[in-house]
Structure formats: C-alpha cells, structure tokens
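Participant: Handing you a structure now.
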Amino acid sequence: MMRIVIVDDHPLVRQGIIALLSLEEEVEVVGEAATCSEAVQLIQKQQPDLAVVDLRLGDGAEGSGLDVVKSCREQGPDCKFIILTSSVSTIDFQKACAVGIEGYLLKEAFPEELLMAIKLVGKGRKCFDPNLMETVMCKKDNSWEKLTAKEQEVLLLLAEGLTNREIAEKLYISESTVKKHVSQVLAKLELGDRTKAAVYAYGQGLIGNN
C-alpha cells in the first residue's frame, strides 16, 4: 500500500485528487495540507511514501512547494515528491530538479496521467510531464555521442531511477565501477547531479515516460 499526502492551497484541488486516488486499491491518502508549514509537519508525522505538492502555495509568503521538499529533505523523511503545477516556466522546472524531485506534472494533465506518474515514482522511476519536456529541452545536442557504450547504458538506467547497486546488478559490474561511470557521464554532459542527468535523458528523447 502506497501512503500519500496531498499539498495544495485550493481545497477543491485537494479533494479532487483525493477522490481520484480513492478509486485505487493500492493507494491510501493519509493526509492533506494547504501551507508549507502544515505540509512539513504532516510529512514528518505520517512519514508517507510520496507527496503530491503544488508548486505555488498561496501568495508564497510562507513558502512554496519547493520549500516543502527542501525542508523535508533536510529533516530526513524518506519521501518521494511529485510537483503539480500550472507553471510551464523553465526556471521553475530547473529549480524543482535542483531540490531533487522525482516527478513534475502540469495541472492540465489528465487524471490517468497523474495516476501513472504516482505509480512510476512509487516504483522508483522519474516522471516528468512530456509536454513540458518538449518545451524545456527541445533542443537536441550531440553530447550523447561523447559517452562510451557502457556510459550510455548507465545513463539510461540512472534515468529510470535505479540506484548504483541496482545498475551494477543489471550490468554485471561492480558498484565502484558504476560510480566511476556515473561520474564520467556527469562530467561529459556537464551536469551537476543524477536528477539533471535523468532530465537530460528524457529531454533528448533517449527514454520515455512509461
């Protein structure tokens, strides 16, 4: 059973998502919050598997959805995060990636797309809105060609959300070798972390969202 909390300052949005998830047997909504502080306290208390968080909460005076993610990351709850937003801003998306979100979905998405995102993230995958990815990273480059065949394999598995250990088991190599490959991938693509590498793979059309 996947335990989920919903964070949005609009009661109608919260209730709509809760109603949608109530139809899923393997999902349980264990709480809802409207503000940054409420959300952090709720996540600390309930220790959910996943939180669906609105990017902008109220007027932003108390904090945004990204502040919720950052606070929870710092305080330790082992929770995955999907940002739900109406913003198609490249800057907002990059900021979200920088705090280590697992999913990013536009509010114009269909209900089944939200359900799919929740299921993918729950399984350890990344899930970014395909329409947004076309806008954010529509420009192709040839950086992929700089990678060796093994580094390309590592990047694709990394983008699927696999850990170094899982990648090592899948490719029949040592975990230390995986770490070296990951470092080389990040260096050659000039990316700061694993999440940015995942975004790159999705944006370049190297991997799908399903």
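If you're wondering about the labels, chains in the structure tokens are A, B, ... by order shown, residues count from 1 in each chain, ligands from 1 in order shown.
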With only C-alpha atoms as the counted atoms, please give the residues lying no more than 8 Å from A:Val29, apart from itself and same-chain residues fewer than 3 positions off, as number ranges by chain.

Facilitator: A: 3-6, 18, 21-22, 32

Participant: Name all residues at most 12 Å from A:Glu108 (count only C-alpha atoms; drop same-chain ones fewer than 6 positions away) and give them as JSON, numbers by chain.

Facilitator: {"A": [84, 85, 86, 87, 88, 114, 129, 130, 131, 132]}

Participant: Would you export the selected residues with N, CA and C atoms as an mmCIF file, in the first residue's frame, please?

Facilitator:
```cif
data_model
loop_
_atom_site.group_PDB
_atom_site.id
_atom_site.type_symbol
_atom_site.label_atom_id
_atom_site.label_comp_id
_atom_site.auth_asym_id
_atom_site.auth_seq_id
_atom_site.Cartn_x
_atom_site.Cartn_y
_atom_site.Cartn_z
ATOM 1 N N LEU A 84 3.120 19.313 -8.679
ATOM 2 C CA LEU A 84 1.967 19.516 -9.552
ATOM 3 C C LEU A 84 1.778 21.015 -9.711
ATOM 4 N N THR A 85 1.791 21.504 -10.943
ATOM 5 C CA THR A 85 1.791 22.953 -11.138
ATOM 6 C C THR A 85 1.141 23.361 -12.458
ATOM 7 N N SER A 86 0.746 24.615 -12.519
ATOM 8 C CA SER A 86 0.230 25.170 -13.779
ATOM 9 C C SER A 86 1.329 25.941 -14.499
ATOM 10 N N SER A 87 2.501 26.040 -13.873
ATOM 11 C CA SER A 87 3.611 26.799 -14.438
ATOM 12 C C SER A 87 4.376 25.993 -15.485
ATOM 13 N N VAL A 88 4.597 26.599 -16.647
ATOM 14 C CA VAL A 88 5.426 25.968 -17.676
ATOM 15 C C VAL A 88 6.791 26.665 -17.751
ATOM 16 N N LEU A 114 -1.776 11.569 -13.978
ATOM 17 C CA LEU A 114 -1.350 11.723 -12.587
ATOM 18 C C LEU A 114 -1.208 10.353 -11.934
ATOM 19 N N ASP A 129 6.487 15.702 -16.967
ATOM 20 C CA ASP A 129 5.433 15.952 -17.936
ATOM 21 C C ASP A 129 6.014 16.022 -19.349
ATOM 22 N N PRO A 130 5.542 15.171 -20.267
ATOM 23 C CA PRO A 130 6.111 15.134 -21.618
ATOM 24 C C PRO A 130 5.948 16.444 -22.384
ATOM 25 N N ASN A 131 4.836 17.135 -22.174
ATOM 26 C CA ASN A 131 4.632 18.418 -22.863
ATOM 27 C C ASN A 131 5.644 19.454 -22.385
ATOM 28 N N LEU A 132 5.921 19.429 -21.092
ATOM 29 C CA LEU A 132 6.895 20.365 -20.541
ATOM 30 C C LEU A 132 8.290 20.028 -21.032
#
```

Participant: Can you tell me, as a PyMOL selection string, what residues are no more than 12 Å from A:Phe110 when counting only C-alpha atoms, ignoring any on the same chain fewer than 4 positions away?

Facilitator: chain A and resi 17+20+105-106+114-117+129

Participant: Which polymer residues have any atom within 8 Å of an atom of A:Val68, counting only C-alpha atoms, with same-chain residues fewer than 5 positions away left out, as a ChimeraX atom specification?

Facilitator: /A:36-37,39-40,63

Participant: Which parts of stretch 31-157 of chain A does DSSP call helix (DSSP H, G or I) when run on the backbone here, written out as a ChimeraX atom specification?

Facilitator: /A:36-46,65-75,90-98,111-122,130-136,143-146,149-157

Participant: Per DSSP on the backbone, filter stretch 101-190 of chain A down to the residues in strand (DSSP E) and report them as a list in words.

Facilitator: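 Strand (DSSP E) assignments inside stretch 101-190 of chain A correspond to Gly103, Tyr104, Leu105, Leu106, Cys127 and Phe128 of chain A.
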
Participant: Kindly indicate which residue among A:Lys196, A:Lys80, A:Lys150, A:Lys107 lies nearest to A:Leu120, using only C-alpha atoms for the distances.

Facilitator: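 Nearest candidate to A:Leu120 out of A:Lys196, A:Lys80, A:Lys150, A:Lys107: A:Lys80.
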
Participant: List the spatial neighbours of stretch 142-147 of chain A as a ChimeraX atom specification - criterion: any atom at most 7 Å away, only C-alpha atoms, same-chain residues fewer than 5 positions off excluded.

Facilitator: /A:152,185,188-189

Participant: Could you please take those selected residues and save N, CA and C atoms as a short mmCIF file (atom, residue, chain, number, x, y, z; two decimals), in the first residue's frame?

Facilitator:
```cif
data_model
loop_
_atom_site.label_atom_id
_atom_site.label_comp_id
_atom_site.auth_asym_id
_atom_site.auth_seq_id
_atom_site.Cartn_x
_atom_site.Cartn_y
_atom_site.Cartn_z
N GLN A 152 26.51 5.07 -21.77
CA GLN A 152 25.16 5.29 -22.27
C GLN A 152 24.18 4.36 -21.56
N VAL A 185 29.79 10.27 -16.85
CA VAL A 185 28.59 10.75 -17.54
C VAL A 185 28.30 12.19 -17.17
N LYS A 188 31.06 14.52 -18.68
CA LYS A 188 30.99 14.69 -20.13
C LYS A 188 29.77 15.49 -20.57
N LEU A 189 28.66 15.32 -19.85
CA LEU A 189 27.43 16.04 -20.19
C LEU A 189 27.34 17.40 -19.50
#
```

Participant: What's the 8 Å shell around A:Val99, counting only C-alpha atoms, without same-chain residues fewer than 2 positions away, as a list in words?

Facilitator: Leu66, Val69, Lys70, Lys95, Ala96, Cys97 and Ile101 of chain A

Participant: Which neighbours of A:Thr35 fall inside 8 Å, counting only C-alpha atoms, when residues of the same chain fewer than 3 positions from it are skipped, and could you give them as a PyMOL selection string?

Facilitator: chain A and resi 7-9+38-39+57-58+62-63

Participant: Using only C-alpha atoms, which of A:Glu26, A:Asp92, A:Glu153, A:Glu112 sits nearest A:Asp54?

Facilitator: A:Asp92

Participant: For a test of reading the model, state the distance in Å between atom CA of A:Arg125 and atom CA of A:Glu160, rounded to one decimal.

Facilitator: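 Computing the Euclidean distance for atom CA of A:Arg125 and atom CA of A:Glu160 yields 5.0 Å.
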
Participant: Would you mind reading off the distance between atom CA of A:Thr177 and atom CA of A:Leu162, one decimal, in Å?

Facilitator: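 So the answer is 14.9 Å.
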
Participant: Between A:Leu157, A:Ile82, A:Ile43, A:Ala168, which residue has the minimum interatomic distance to A:Gly122, considering only C-alpha atoms?

Facilitator: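 Nearest to A:Gly122: A:Ile82.
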
Participant: Under the rule that only C-alpha atoms are counted, which of A:Gly16, A:Gly161, A:Pro48, A:Gly65 is the nearest residue to A:Ala34?

Facilitator: A:Gly65

Participant: Between A:Gly76, A:Pro111, A:Gly103, A:Gly31, which is the closest to A:Lys126 once you count only C-alpha atoms?

Facilitator: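 Among A:Gly76, A:Pro111, A:Gly103, A:Gly31, it is A:Gly103 that comes nearest to A:Lys126.
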
Participant: Using Å and a single decimal, report how far atom CA of A:Leu50 sits from atom CA of A:Lys119.

Facilitator: 10.1 Å
